[in-house]
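Novice: Encoded as structure tokens, here's the structure I'll be asking about.
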Amino acid sequence: MSGLGKGITAASTGRNLKNKGCRVTAIKIDPYINIDAGTMSPFQHGEVYVLKDGGEVDLDLGNYERFLDVELTSDHNLTTGKIYQAVISKERKGEYLGKTVQIIPHITNEIKERIRKVAAKSGADICLIEVGGTVGDIESMPFLEAVRQMHREEAKDDIAFLHVTLVPIDAQGDQKSKPTQHSVKELRELGLTPDVIVARCKEPLSDDTKAKIALFCDVSENAVVSAHDAKDIYEVPLLMENEGLTDFLMDKLNLKTIGEDTTWGDMITRMKNMTGGVKLAIVGKYTHLEDSYTSIRESIKHAAIECGCNVNTTWINAETIENDPDAVKSLSEYDGILVPGGFGERGTEGKIMAIRYARENDIPYLGLCLGMQLAVVEFARNVVGLSGANSTEFDENTPYPVIDLLPEQEDVVDMGATMRLGDYDAVLKSGTIAQRIYGSSDIVERHRHRYEVNPNFIDRIEAKGAVFSGKNKNRMEIVEVPGNRFFFASQFHPEFKSRPGRPSPPFRALVEAMLEKRNECS
Ligand code: GLN
């Protein structure tokens, strides 16, 4: 079922195989009809993750990229929408030669073909395929049928099935294996037999529970993995390694260990040795749903681990600040302020107030996408003196449209991929924060936006001391305020390229600036 941790299980399994020297890639199957996650509300679905090719995908792909340290493309996210769109378009072109087009074999063939193509193209030894949804869901049936067929078609030691189940604990404190037995029974009805059962439980699985699951579900006891709650998701690979899952899979898939990559374990050691703590306020809209900002949360963690310092994050609803101007003063207790990306007007004035507070009180500030656009609006209004300046996203009639629609976006009707998406490069100005923190003059970062800085206002803004330190031709990618300790905001989303052990430069610089501020003030 959803929210159980299939994504983390897949990512962790992949990481462990990578640690043994295998090249690993991953595919996520989302059985929903949407073509991609681009049009989905972060309220319902969590973060929309953006890939280098501009694919807007499920947040699990973010976990794969972070755990496996790879860069994936939109082909790595299959949805019912994509499959049917392809099959219907082939049917219209007459490619099925007059046959009746059916779920089996045409839809299932399309699924298998895509899985095999992506796996082959990646050049990996192992391809993880995560089938989202719950066994028994109507939507996921064609996908389960496709992997069942693959099981017949592939060599026996080339495919293994991992089934992730829930082991609840009853009122007496007993671990219950019944739900696992039932879901395995459902799988069997579909012709699928799991090789491994990954049992999610609040606490470690007892030997008794393991034995029971093994017996009833027809797997060996060493194929029942206790996937109990971990303090941090990055600890899950080690937990699974200790459960013997990697050895079991290497054996089953007839793989040989080529090396022992210890970087993940070393990173965990650094994570456990973090000391002290700085306080970061994130002022956003979806503050009650941290899942909407997964990559930001992870990027902060990556930076914190490498700086050796805990970062305690508080999510503040921008509307609280907007409705009570005094509330902005509560930001004085933080060592840093971050305004993330977002869409829609709600809370924007509160975010602008928070940005102003950060700038005027020299609190380290990191703005991401909308957080950059609003930093420009704030600066235009309060430093340049352009009263009423705004983004045309929020005020079409503003006298000073400092943020405006991308030229090619004006007449777009189709909601799919109407934004500037994915990798674009930026040239960084020498002597700026941007160039210092990236240690380079040319960078590539991922984007997801419709609006951008209006070139007509650049001179007036720069004349008052802000610097556009990163540009892609006449597109402003970074703005910074050099007089401040750290005031840096980007049109791109650096959070999508941050990795454990290799934090994104703006996040690292933010944490460093917060530490510096904390040390100076104490
Ligand atoms: N709403 C803004 C835009 O479309 C910012 C988008 C974002 O923050 N991802 O340009």
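All residue names refer to the structure tokens as shown: chains lettered A, B, ... in order, residues numbered from 1 in each chain, ligands numbered from 1 in order.
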Would you mind listing what lies within 8 Å of range 29-45 of chain A as an mmCIF file with C-alpha atoms, in the first residue's frame, with only C-alpha atoms counted and same-chain residues fewer than 3 positions away left out?
Specialist:
data_model
loop_
_atom_site.group_PDB
_atom_site.id
_atom_site.type_symbol
_atom_site.label_atom_id
_atom_site.label_comp_id
_atom_site.auth_asym_id
_atom_site.auth_seq_id
_atom_site.Cartn_x
_atom_site.Cartn_y
_atom_site.Cartn_z
ATOM 1 C CA VAL A 48 6.888 16.981 -8.027
ATOM 2 C CA GLY A 55 10.535 15.140 -16.703
ATOM 3 C CA GLU A 56 8.138 15.986 -13.871
ATOM 4 C CA VAL A 57 7.931 12.812 -11.873
ATOM 5 C CA ASP A 58 7.033 11.083 -8.641
ATOM 6 C CA ASN A 77 8.733 6.841 -14.722
ATOM 7 C CA LEU A 78 5.989 4.772 -16.360
ATOM 8 C CA THR A 79 2.353 5.725 -15.881
ATOM 9 C CA THR A 80 -0.864 4.263 -17.213
ATOM 10 C CA GLY A 81 -1.305 7.563 -19.048
ATOM 11 C CA LYS A 82 2.002 7.239 -20.911
ATOM 12 C CA ILE A 129 11.284 -1.814 -11.030
ATOM 13 C CA GLU A 130 8.979 -0.430 -8.406
ATOM 14 C CA VAL A 131 5.311 -1.174 -9.067
ATOM 15 C CA GLY A 132 3.320 1.437 -7.185
ATOM 16 C CA GLY A 133 -0.119 0.835 -5.745
ATOM 17 C CA GLU A 139 -5.146 0.164 -11.970
ATOM 18 C CA SER A 140 -2.020 -1.823 -11.247
ATOM 19 C CA PHE A 143 1.643 -3.792 -14.721
ATOM 20 C CA TYR A 286 2.464 23.707 2.147
ATOM 21 C CA LEU A 289 2.930 18.677 4.328
ATOM 22 C CA ASP A 291 6.406 15.702 1.628
ATOM 23 C CA SER A 292 5.825 18.619 -0.729
ATOM 24 C CA MET A 415 -1.137 22.149 -19.031
ATOM 25 C CA GLY A 416 1.546 19.519 -19.682
ATOM 26 C CA ALA A 417 5.132 20.777 -19.764
#
Novice: Do you know which residues are at most 12 Å from Val427 in chain A counting only C-alpha atoms, after dropping those on the same chain fewer than 5 positions away, and could you put them as a ChimeraX atom specification?
Specialist: /A:432,434-435,438,440-445,468-478
Novice: Skipping near chain neighbours, those fewer than 6 positions away, what residues fall within 10 Å of Gly54 in chain A using only C-alpha atoms, listed as number ranges by chain?
Specialist: A: 73-74, 417, 419-424, 446-448
Novice: Counting only C-alpha atoms and all ligand atoms, which residue out of A:Gly439, A:Gly284, A:Pro500, A:Pro204 sits closest to ligand 1?
Specialist: A:Gly284
Novice: Go through the chains and note each residue within 9 Å of ligand 1, using only C-alpha atoms and all ligand atoms, then give the set as a ChimeraX atom specification.
Specialist: /A:340-345,368-373,391,393,403-406,419-420,447-452,491-493
Novice: If you count only C-alpha atoms, which residues fall within 7 Å of Thr392 in chain A, apart from same-chain ones fewer than 2 positions away, as a ChimeraX atom specification?
Specialist: /A:390,394-396,398,401,403-404
Novice: Any chance you could list, as a short mmCIF file (atom, residue, chain, number, x, y, z; two decimals) with N, CA, C and O atoms, in the first residue's frame, the residues in range 30-230 of chain A that come up strand (DSSP E) when DSSP is run on the backbone?
Specialist:
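The new file part_35.cif reads:
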data_model
loop_
_atom_site.label_atom_id
_atom_site.label_comp_id
_atom_site.auth_asym_id
_atom_site.auth_seq_id
_atom_site.Cartn_x
_atom_site.Cartn_y
_atom_site.Cartn_z
N ASP A 30 3.90 4.20 -11.87
CA ASP A 30 2.76 4.79 -11.17
C ASP A 30 1.51 4.46 -11.96
O ASP A 30 1.33 4.94 -13.07
N TYR A 49 9.02 15.96 -8.54
CA TYR A 49 10.47 15.93 -8.70
C TYR A 49 10.80 16.21 -10.16
O TYR A 49 10.09 15.75 -11.06
N VAL A 50 11.85 16.98 -10.39
CA VAL A 50 12.19 17.36 -11.77
C VAL A 50 13.51 16.71 -12.17
O VAL A 50 14.51 16.80 -11.45
N GLU A 56 8.72 15.65 -15.18
CA GLU A 56 8.14 15.99 -13.87
C GLU A 56 7.58 14.69 -13.32
O GLU A 56 6.61 14.15 -13.84
N VAL A 57 8.20 14.19 -12.28
CA VAL A 57 7.93 12.81 -11.87
C VAL A 57 7.67 12.67 -10.38
O VAL A 57 7.84 13.62 -9.60
N ASN A 77 10.00 6.78 -15.43
CA ASN A 77 8.73 6.84 -14.72
C ASN A 77 7.62 6.43 -15.70
O ASN A 77 7.29 7.16 -16.62
N LEU A 78 7.09 5.25 -15.51
CA LEU A 78 5.99 4.77 -16.36
C LEU A 78 4.67 5.06 -15.67
O LEU A 78 4.53 4.82 -14.48
N THR A 79 3.70 5.55 -16.43
CA THR A 79 2.35 5.73 -15.88
C THR A 79 1.36 5.08 -16.85
O THR A 79 1.68 4.87 -18.02
N ILE A 126 21.74 -4.07 -12.99
CA ILE A 126 20.50 -4.33 -12.26
C ILE A 126 19.52 -3.20 -12.53
O ILE A 126 19.89 -2.02 -12.41
N CYS A 127 18.30 -3.56 -12.86
CA CYS A 127 17.26 -2.54 -12.96
C CYS A 127 16.19 -2.84 -11.93
O CYS A 127 15.58 -3.91 -11.94
N LEU A 128 15.99 -1.92 -11.03
CA LEU A 128 14.93 -2.06 -10.04
C LEU A 128 13.65 -1.54 -10.67
O LEU A 128 13.66 -0.49 -11.30
N ILE A 129 12.57 -2.28 -10.51
CA ILE A 129 11.28 -1.81 -11.03
C ILE A 129 10.32 -1.75 -9.87
O ILE A 129 10.00 -2.78 -9.27
N GLU A 130 9.91 -0.57 -9.53
CA GLU A 130 8.98 -0.43 -8.41
C GLU A 130 7.57 -0.29 -8.96
O GLU A 130 7.26 0.65 -9.68
N VAL A 131 6.70 -1.25 -8.62
CA VAL A 131 5.31 -1.17 -9.07
C VAL A 131 4.51 -0.51 -7.94
O VAL A 131 4.33 -1.10 -6.88
N LEU A 162 10.44 -8.80 -4.95
CA LEU A 162 10.41 -8.40 -3.54
C LEU A 162 9.02 -7.87 -3.25
O LEU A 162 8.52 -7.01 -3.97
N HIS A 163 8.42 -8.37 -2.21
CA HIS A 163 7.08 -7.92 -1.85
C HIS A 163 7.17 -7.17 -0.53
O HIS A 163 7.66 -7.71 0.46
N VAL A 164 6.74 -5.92 -0.54
CA VAL A 164 6.80 -5.11 0.68
C VAL A 164 5.44 -5.14 1.37
O VAL A 164 4.44 -4.77 0.76
N THR A 165 5.41 -5.60 2.59
CA THR A 165 4.12 -5.73 3.30
C THR A 165 4.17 -5.03 4.66
O THR A 165 5.24 -4.63 5.12
N LEU A 166 3.02 -4.92 5.25
CA LEU A 166 2.93 -4.29 6.57
C LEU A 166 2.67 -5.34 7.64
O LEU A 166 1.79 -6.18 7.50
N VAL A 196 11.29 -12.60 -1.98
CA VAL A 196 11.68 -11.98 -0.73
C VAL A 196 10.48 -11.24 -0.17
O VAL A 196 9.71 -10.64 -0.93
N ILE A 197 10.31 -11.30 1.14
CA ILE A 197 9.27 -10.49 1.76
C ILE A 197 9.93 -9.46 2.66
O ILE A 197 10.68 -9.81 3.57
N VAL A 198 9.71 -8.20 2.32
CA VAL A 198 10.24 -7.13 3.15
C VAL A 198 9.09 -6.67 4.05
O VAL A 198 8.11 -6.11 3.56
N ALA A 199 9.19 -6.98 5.31
CA ALA A 199 8.08 -6.73 6.22
C ALA A 199 8.31 -5.43 6.99
O ALA A 199 9.25 -5.32 7.77
N ARG A 200 7.46 -4.46 6.70
CA ARG A 200 7.56 -3.17 7.39
C ARG A 200 6.86 -3.27 8.73
O ARG A 200 5.71 -3.68 8.84
N CYS A 201 7.59 -2.90 9.77
CA CYS A 201 7.03 -3.02 11.11
C CYS A 201 7.63 -1.90 11.97
O CYS A 201 8.72 -1.42 11.69
N VAL A 224 13.02 -13.39 4.56
CA VAL A 224 12.08 -12.50 5.24
C VAL A 224 12.90 -11.40 5.91
O VAL A 224 13.72 -11.66 6.78
N VAL A 225 12.71 -10.19 5.42
CA VAL A 225 13.54 -9.07 5.88
C VAL A 225 12.76 -8.21 6.86
O VAL A 225 11.65 -7.77 6.57
N SER A 226 13.35 -8.00 8.01
CA SER A 226 12.72 -7.11 8.98
C SER A 226 13.05 -5.66 8.60
O SER A 226 14.19 -5.21 8.74
N ALA A 227 12.06 -4.96 8.09
CA ALA A 227 12.28 -3.56 7.71
C ALA A 227 11.59 -2.68 8.75
O ALA A 227 10.52 -2.14 8.51
N HIS A 228 12.20 -2.63 9.91
CA HIS A 228 11.60 -1.84 10.99
C HIS A 228 11.93 -0.37 10.84
O HIS A 228 12.86 0.00 10.11
#
Novice: Using Å and a single decimal, report how far CA of Leu97 in chain A sits from CA of His76 in chain A.
Specialist: 28.8 Å
Novice: Calculated over only C-alpha atoms, which of the candidates A:Thr108, A:Gln102, A:Asn397, A:Asn519 has the smallest distance to Met141 in chain A?
Specialist: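 Closest residue, counting only C-alpha atoms: A:Thr108.
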Novice: If you count only C-alpha atoms, which residues fall within 12 Å of Met150 in chain A, apart from same-chain ones fewer than 6 positions away, as a PyMOL selection string?
Specialist: chain A and resi 108-109+111-113+115-116+129+143-144+156+158-161+191-192
Novice: One decimal, Å: what's the distance from CA of Val479 in chain A over to CA of Ala466 in chain A, could you say?
Specialist: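 Between CA of Val479 in chain A and CA of Ala466 in chain A the gap is 6.8 Å.
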Novice: Which one of A:Val236, A:Ile458, A:Ala375, A:Ile138 sits closest to Ile268 in chain A if you count only C-alpha atoms?
Specialist: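 Counting only C-alpha atoms, the residue closest to Ile268 in chain A is A:Val236.
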Novice: What does the distance between CA of Tyr400 in chain A and CA of Gly350 in chain A come to in Å, to one decimal place?
Specialist: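 Atom-to-atom, CA of Tyr400 in chain A and CA of Gly350 in chain A are spaced 19.4 Å apart.
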Novice: Given the choices A:Lys464, A:Lys52, A:Lys202, A:Arg148, which gets closest to Arg188 in chain A if the distance is worked out from only C-alpha atoms?
Specialist: A:Arg148
Novice: Excluding Ile88 in chain A and its own-chain neighbours fewer than 3 positions away, which residues fall within 12 Å of it when counting only C-alpha atoms? Please give them as a list in words.
Specialist: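 Contacts, with the query itself left out: Thr80, Gly81, Lys82, Ile83, Tyr84, Gln85, Glu91, Arg92, Lys93, Gly94, Glu95, Tyr96, Thr100, Val101, Gln102, Ile103, His106, Ile107 and Glu110 of chain A.
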